[in-house]
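Printed here is run.cif (mmCIF, C-alpha atoms; chains and numbers go by the auth columns):
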data_query
loop_
_atom_site.group_PDB
_atom_site.id
_atom_site.type_symbol
_atom_site.label_atom_id
_atom_site.label_comp_id
_atom_site.label_asym_id
_atom_site.label_seq_id
_atom_site.Cartn_x
_atom_site.Cartn_y
_atom_site.Cartn_z
_atom_site.B_iso_or_equiv
_atom_site.auth_seq_id
_atom_site.auth_asym_id
ATOM 1 C CA HIS A 1 31.316 9.861 -31.706 0.00 558 E
ATOM 2 C CA ALA A 2 28.293 7.570 -31.313 0.00 559 E
ATOM 3 C CA GLN A 3 29.237 6.768 -27.720 0.00 560 E
ATOM 4 C CA ASP A 4 28.957 10.418 -26.702 0.00 561 E
ATOM 5 C CA ARG A 5 25.373 10.755 -27.898 0.00 562 E
ATOM 6 C CA PRO A 6 22.591 10.330 -25.332 0.00 563 E
ATOM 7 C CA VAL A 7 20.572 7.132 -25.413 0.00 564 E
ATOM 8 C CA GLU A 8 16.946 7.632 -26.358 0.00 565 E
ATOM 9 C CA VAL A 9 14.338 4.876 -26.282 0.00 566 E
ATOM 10 C CA ALA A 10 10.791 4.795 -27.655 0.00 567 E
ATOM 11 C CA MET A 11 8.422 2.070 -26.514 0.00 568 E
ATOM 12 C CA GLU A 12 4.791 1.161 -26.657 0.00 569 E
ATOM 13 C CA ALA A 13 2.834 0.516 -23.490 0.00 570 E
ATOM 14 C CA TYR A 14 4.848 2.691 -21.151 0.00 571 E
ATOM 15 C CA ASN A 15 3.614 1.967 -17.632 0.00 572 E
ATOM 16 C CA GLY A 16 1.932 -1.183 -18.875 0.00 573 E
ATOM 17 C CA TRP A 17 3.396 -4.644 -19.358 0.00 574 E
ATOM 18 C CA ALA A 18 6.864 -3.175 -19.893 0.00 575 E
ATOM 19 C CA ARG A 19 6.910 -1.435 -16.509 0.00 576 E
ATOM 20 C CA PRO A 20 10.112 -3.050 -15.200 0.00 577 E
ATOM 21 C CA LEU A 21 11.879 -2.226 -18.464 0.00 578 E
ATOM 22 C CA ASP A 22 10.799 1.409 -18.565 0.00 579 E
ATOM 23 C CA ARG A 23 11.835 1.847 -14.923 0.00 580 E
ATOM 24 C CA LEU A 24 15.315 0.484 -15.771 0.00 581 E
ATOM 25 C CA ILE A 25 15.590 2.867 -18.736 0.00 582 E
ATOM 26 C CA LEU A 26 14.718 5.868 -16.570 0.00 583 E
ATOM 27 C CA GLU A 27 17.096 4.749 -13.795 0.00 584 E
ATOM 28 C CA ARG A 28 19.977 4.894 -16.322 0.00 585 E
ATOM 29 C CA HIS A 29 18.923 8.496 -17.103 0.00 586 E
ATOM 30 C CA TRP A 30 18.198 7.624 -20.710 0.00 587 E
ATOM 31 C CA ARG A 31 15.443 9.577 -22.446 0.00 588 E
ATOM 32 C CA LEU A 32 12.264 7.541 -22.735 0.00 589 E
ATOM 33 C CA PHE A 33 9.436 8.264 -25.150 0.00 590 E
ATOM 34 C CA ASN A 34 5.994 6.725 -24.949 0.00 591 E
ATOM 35 C CA VAL A 35 4.435 5.798 -28.285 0.00 592 E
ATOM 36 C CA ASN A 36 0.822 6.941 -28.475 0.00 593 E
ATOM 37 C CA ASN A 37 -0.768 3.935 -30.201 0.00 594 E
ATOM 38 C CA LEU A 38 -3.785 5.833 -31.532 0.00 595 E
ATOM 39 C CA LYS A 39 -1.628 8.483 -33.165 0.00 596 E
ATOM 40 C CA LEU A 40 0.766 5.819 -34.458 0.00 597 E
ATOM 41 C CA ALA A 41 -2.204 4.131 -36.140 0.00 598 E
ATOM 42 C CA ARG A 42 -3.151 7.449 -37.802 0.00 599 E
ATOM 43 C CA TYR A 43 0.432 7.820 -39.037 0.00 600 E
ATOM 44 C CA LYS A 44 0.398 4.286 -40.449 0.00 601 E
ATOM 45 C CA GLU A 45 -2.853 5.089 -42.299 0.00 602 E
ATOM 46 C CA MET A 46 -1.058 7.908 -44.117 0.00 603 E
ATOM 47 C CA PHE A 47 1.839 5.620 -45.057 0.00 604 E
ATOM 48 C CA PRO A 48 0.296 2.158 -45.393 0.00 605 E
ATOM 49 C CA ALA A 49 2.357 -0.996 -45.075 0.00 606 E
ATOM 50 C CA PRO A 50 1.558 -4.422 -46.546 0.00 607 E
ATOM 51 C CA ALA A 51 0.477 -5.934 -43.216 0.00 608 E
ATOM 52 C CA LYS A 52 0.427 -5.264 -39.509 0.00 609 E
ATOM 53 C CA THR A 53 3.451 -6.811 -37.830 0.00 610 E
ATOM 54 C CA ASP A 54 5.671 -5.860 -34.926 0.00 611 E
ATOM 55 C CA VAL A 55 8.574 -5.335 -37.329 0.00 612 E
ATOM 56 C CA ILE A 56 6.553 -2.874 -39.429 0.00 613 E
ATOM 57 C CA ASP A 57 5.360 -1.078 -36.282 0.00 614 E
ATOM 58 C CA ALA A 58 8.964 -0.832 -35.057 0.00 615 E
ATOM 59 C CA ARG A 59 10.048 0.632 -38.417 0.00 616 E
ATOM 60 C CA ARG A 60 7.248 3.214 -38.297 0.00 617 E
ATOM 61 C CA MET A 61 8.215 4.154 -34.745 0.00 618 E
ATOM 62 C CA LEU A 62 11.839 4.539 -35.829 0.00 619 E
ATOM 63 C CA GLU A 63 10.763 6.788 -38.717 0.00 620 E
ATOM 64 C CA LEU A 64 8.782 8.925 -36.310 0.00 621 E
ATOM 65 C CA PHE A 65 11.651 8.939 -33.869 0.00 622 E
ATOM 66 C CA ARG A 66 13.960 10.332 -36.552 0.00 623 E
ATOM 67 C CA LEU A 67 11.342 12.939 -37.557 0.00 624 E
ATOM 68 C CA ARG A 68 10.349 13.984 -34.036 0.00 625 E
ATOM 69 C CA HIS A 69 12.066 17.388 -34.278 0.00 626 E
ATOM 70 C CA THR A 70 10.551 18.241 -37.654 0.00 627 E
ATOM 71 C CA GLY A 71 6.848 17.514 -37.584 0.00 628 E
ATOM 72 C CA ARG A 72 3.915 18.032 -35.235 0.00 629 E
ATOM 73 C CA LEU A 73 2.552 14.534 -35.866 0.00 630 E
ATOM 74 C CA SER A 74 5.759 12.837 -34.777 0.00 631 E
ATOM 75 C CA ARG A 75 5.839 14.956 -31.614 0.00 632 E
ATOM 76 C CA GLU A 76 2.272 13.886 -30.800 0.00 633 E
ATOM 77 C CA VAL A 77 3.046 10.206 -31.364 0.00 634 E
ATOM 78 C CA LEU A 78 6.225 10.236 -29.267 0.00 635 E
ATOM 79 C CA GLN A 79 5.625 11.698 -25.839 0.00 636 E
ATOM 80 C CA PRO A 80 8.600 12.206 -23.522 0.00 637 E
ATOM 81 C CA VAL A 81 8.397 10.366 -20.218 0.00 638 E
ATOM 82 C CA VAL A 82 9.841 11.960 -17.111 0.00 639 E
ATOM 83 C CA THR A 83 10.792 10.200 -13.917 0.00 640 E
ATOM 84 C CA ALA A 84 7.968 10.528 -11.426 0.00 641 E
ATOM 85 C CA PRO A 85 8.658 11.033 -7.723 0.00 642 E
ATOM 86 C CA ALA A 86 8.718 7.819 -5.671 0.00 643 E
ATOM 87 C CA VAL A 87 5.533 8.860 -3.880 0.00 644 E
ATOM 88 C CA ASN A 88 3.685 8.781 -7.225 0.00 645 E
ATOM 89 C CA ASP A 89 4.762 5.179 -7.780 0.00 646 E
ATOM 90 C CA GLN A 90 3.614 4.255 -4.283 0.00 647 E
ATOM 91 C CA LEU A 91 0.276 5.973 -4.801 0.00 648 E
ATOM 92 C CA LYS A 92 -0.184 4.253 -8.172 0.00 649 E
ATOM 93 C CA ARG A 93 0.638 0.861 -6.637 0.00 650 E
ATOM 94 C CA LEU A 94 -1.775 1.443 -3.736 0.00 651 E
ATOM 95 C CA SER A 95 -4.519 2.687 -6.074 0.00 652 E
ATOM 96 C CA ARG A 96 -4.174 -0.357 -8.317 0.00 653 E
ATOM 97 C CA ARG A 97 -4.170 -2.661 -5.307 0.00 654 E
ATOM 98 C CA ARG A 98 -7.279 -0.970 -3.886 0.00 655 E
ATOM 99 C CA ARG A 99 -9.061 -1.287 -7.236 0.00 656 E
ATOM 100 C CA GLN A 100 -8.146 -4.987 -7.336 0.00 657 E
ATOM 101 C CA LEU A 101 -9.402 -5.533 -3.778 0.00 658 E
ATOM 102 C CA VAL A 102 -12.685 -3.755 -4.518 0.00 659 E
ATOM 103 C CA HIS A 103 -13.117 -5.927 -7.617 0.00 660 E
ATOM 104 C CA ASP A 104 -12.378 -9.066 -5.563 0.00 661 E
ATOM 105 C CA ARG A 105 -14.882 -7.982 -2.891 0.00 662 E
ATOM 106 C CA VAL A 106 -17.634 -7.418 -5.466 0.00 663 E
ATOM 107 C CA ARG A 107 -16.905 -10.790 -7.073 0.00 664 E
ATOM 108 C CA VAL A 108 -17.047 -12.638 -3.722 0.00 665 E
ATOM 109 C CA LEU A 109 -20.254 -10.888 -2.637 0.00 666 E
ATOM 110 C CA SER A 110 -21.862 -11.618 -5.994 0.00 667 E
ATOM 111 C CA ARG A 111 -21.107 -15.305 -5.506 0.00 668 E
ATOM 112 C CA MET A 112 -22.203 -15.275 -1.850 0.00 669 E
ATOM 113 C CA ILE A 113 -25.686 -13.758 -2.308 0.00 670 E
ATOM 114 C CA PRO A 114 -27.228 -16.660 -4.304 0.00 671 E
ATOM 115 C CA ASP A 115 -25.754 -19.178 -1.851 0.00 672 E
ATOM 116 C CA LEU A 116 -27.222 -17.329 1.133 0.00 673 E
ATOM 117 C CA GLN A 117 -30.535 -16.966 -0.678 0.00 674 E
ATOM 118 C CA ALA A 118 -30.621 -20.717 -1.312 0.00 675 E
ATOM 119 C CA CYS A 119 -29.685 -21.899 2.161 0.00 676 E
ATOM 120 C CA CYS A 120 -31.004 -19.136 4.481 0.00 677 E
ATOM 121 C CA PRO A 121 -33.343 -16.714 2.694 0.00 678 E
ATOM 122 C CA GLY A 122 -34.424 -15.066 5.944 0.00 679 E
ATOM 123 C CA LEU A 123 -30.848 -14.090 6.737 0.00 680 E
ATOM 124 C CA LEU A 124 -30.656 -11.769 3.734 0.00 681 E
ATOM 125 C CA GLU A 125 -33.716 -9.874 4.985 0.00 682 E
ATOM 126 C CA LEU A 126 -31.605 -8.567 7.889 0.00 683 E
ATOM 127 C CA THR A 127 -29.610 -6.224 5.685 0.00 684 E
ATOM 128 C CA THR A 128 -29.815 -4.155 2.544 0.00 685 E
ATOM 129 C CA ASP A 129 -26.112 -4.717 1.842 0.00 686 E
ATOM 130 C CA VAL A 130 -24.465 -8.095 2.398 0.00 687 E
ATOM 131 C CA GLY A 131 -21.118 -6.303 2.329 0.00 688 E
ATOM 132 C CA ASN A 132 -21.830 -4.444 5.577 0.00 689 E
ATOM 133 C CA LEU A 133 -19.132 -5.126 8.146 0.00 690 E
ATOM 134 C CA TRP A 134 -21.605 -6.116 10.850 0.00 691 E
ATOM 135 C CA PHE A 135 -23.287 -8.638 8.527 0.00 692 E
ATOM 136 C CA ILE A 136 -19.984 -10.183 7.422 0.00 693 E
ATOM 137 C CA ASN A 137 -18.918 -10.427 11.084 0.00 694 E
ATOM 138 C CA LEU A 138 -22.253 -12.078 11.912 0.00 695 E
ATOM 139 C CA LEU A 139 -21.780 -14.673 9.156 0.00 696 E
ATOM 140 C CA ALA A 140 -18.234 -15.359 10.322 0.00 697 E
ATOM 141 C CA ALA A 141 -19.229 -15.675 14.002 0.00 698 E
ATOM 142 C CA ARG A 142 -20.118 -19.362 13.691 0.00 699 E
ATOM 143 C CA ASP A 143 -18.866 -22.198 11.509 0.00 700 E
ATOM 144 C CA ASP A 144 -22.406 -23.391 10.789 0.00 701 E
ATOM 145 C CA LEU A 145 -24.963 -20.773 9.702 0.00 702 E
ATOM 146 C CA ARG A 146 -27.723 -22.722 11.497 0.00 703 E
ATOM 147 C CA GLN A 147 -26.048 -21.824 14.790 0.00 704 E
ATOM 148 C CA LEU A 148 -26.743 -18.122 14.151 0.00 705 E
ATOM 149 C CA ALA A 149 -30.456 -18.638 14.825 0.00 706 E
ATOM 150 C CA ARG A 150 -29.696 -19.922 18.341 0.00 707 E
ATOM 151 C CA MET A 151 -27.346 -17.094 19.346 0.00 708 E
ATOM 152 C CA ARG A 152 -28.357 -15.021 22.352 0.00 709 E
ATOM 153 C CA GLN A 153 -28.200 -11.239 22.385 0.00 710 E
ATOM 154 C CA VAL A 154 -25.238 -11.293 24.795 0.00 711 E
ATOM 155 C CA SER A 155 -23.233 -13.302 22.241 0.00 712 E
ATOM 156 C CA LEU A 156 -24.389 -11.102 19.368 0.00 713 E
ATOM 157 C CA LEU A 157 -23.190 -7.957 21.155 0.00 714 E
ATOM 158 C CA LYS A 158 -19.701 -9.463 21.442 0.00 715 E
ATOM 159 C CA ILE A 159 -19.389 -9.581 17.638 0.00 716 E
ATOM 160 C CA PRO A 160 -17.468 -6.541 16.298 0.00 717 E
ATOM 161 C CA ALA A 161 -19.627 -3.884 14.578 0.00 718 E
ATOM 162 C CA ILE A 162 -22.883 -5.351 15.911 0.00 719 E
ATOM 163 C CA GLY A 163 -24.527 -2.936 18.270 0.00 720 E
ATOM 164 C CA ARG A 164 -27.885 -3.115 20.025 0.00 721 E
ATOM 165 C CA LYS A 165 -29.735 -2.026 16.875 0.00 722 E
ATOM 166 C CA TYR A 166 -28.426 -4.873 14.710 0.00 723 E
ATOM 167 C CA ALA A 167 -28.535 -7.401 17.555 0.00 724 E
ATOM 168 C CA ALA A 168 -32.254 -6.635 17.985 0.00 725 E
ATOM 169 C CA ASP A 169 -32.859 -7.323 14.278 0.00 726 E
ATOM 170 C CA VAL A 170 -31.079 -10.680 14.393 0.00 727 E
#

Using structure tokens, write down the structure from this file.
Amino acid sequence: HAQDRPVEVAMEAYNGWARPLDRLILERHWRLFNVNNLKLARYKEMFPAPAKTDVIDARRMLELFRLRHTGRLSREVLQPVVTAPAVNDQLKRLSRRRRQLVHDRVRVLSRMIPDLQACCPGLLELTTDVGNLWFINLLAARDDLRQLARMRQVSLLKIPAIGRKYAADV
């Protein structure tokens, strides 16, 4: 009976753009196989097709899926995916978010440096890293950067992360 057989799914880009789909497949307790694109390409070189299309790729994956118990190559192309613990998903999400935030920070600082150099070149001489927390807090302390030059040490010391050492430099 076809209904009694387990459902098995092979897909490209597991954990990529199809993430919601692969999560749904695993939640139904169906077997999921990731298609290793590099090894699929090697397989297609051995059995060339007239052109590269999604339909041809799907046919090749189906061939490999049928052969997965017989040959080493098919086992290398189709890699079983197991359900990861929830903490792994959380860690992956946090790691990706951190990487995105670091990238955003670098992009903003890279845009900020030439602007600071153009309008207040002496301000950049205060630090070796414009991303330092004390320097960012200093820049954010006043709406107009020209007001920073008139700040007294008492006001500087009230800015978070600026201690006596940095206040003396400003």

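You can rank E:Asp611, E:Glu682, E:Glu569, E:Asp726 by their closest distance to Ile670 in chain E using only C-alpha atoms, and at the top of that list sits E:Glu682.
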
Excluding same-chain residues fewer than 5 positions from range 691-700 of chain E, what lies within 12 Å of it counting all atoms listed in the file, as a PyMOL selection string?
chain E and resi 662+665-666+669-670+673+677+680-686+705-708+712-724+726-727

Pick from E:Leu578, E:Ala643, E:Val638, E:Met568 nearest to Val592 in chain E, counting all atoms listed in the file:
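Smallest distance to Val592 in chain E is found for E:Met568.
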
For each of E:Val711, E:Leu702, E:Leu651, E:Ala675, take the minimum atom-to-atom distance to Ala725 in chain E, counting all atoms listed in the file, then give the residue where this is smallest.
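So, comparing all the options, the nearest one is E:Val711.
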
Determine the residue set returned by the PyMOL selection byres ((chain E and resi 584-590) around 12) for the present structure, and present it as a ChimeraX atom specification.
/E:562-572,577-583,591-593,618-619,621-622,625,631-641

Provide an axis-aligned box for all listed atoms of range 645-654 of chain E, padding each side by 8 Å; report its centre and its edge lengths in Å to one decimal, as AutoDock Vina command-line options.
--center_x 0.1 --center_y 3.1 --center_z -6.0 --size_x 25.3 --size_y 27.4 --size_z 20.6

Mind giving me the straight-line distance from CA of Arg576 in chain E to CA of Gln647 in chain E in Å, one decimal?
13.9 Å

Rounded to one decimal in Å, what is the spacing between CA of Pro678 in chain E and CA of Leu658 in chain E?
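Atom-to-atom, CA of Pro678 in chain E and CA of Leu658 in chain E are spaced 27.2 Å apart.
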
Pick from E:Arg668, E:Gln674, E:Arg617, E:Val612: nearest to Asn594 in chain E, with all atoms listed in the file counted?
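Result for the nearest residue to Asn594 in chain E: E:Arg617.
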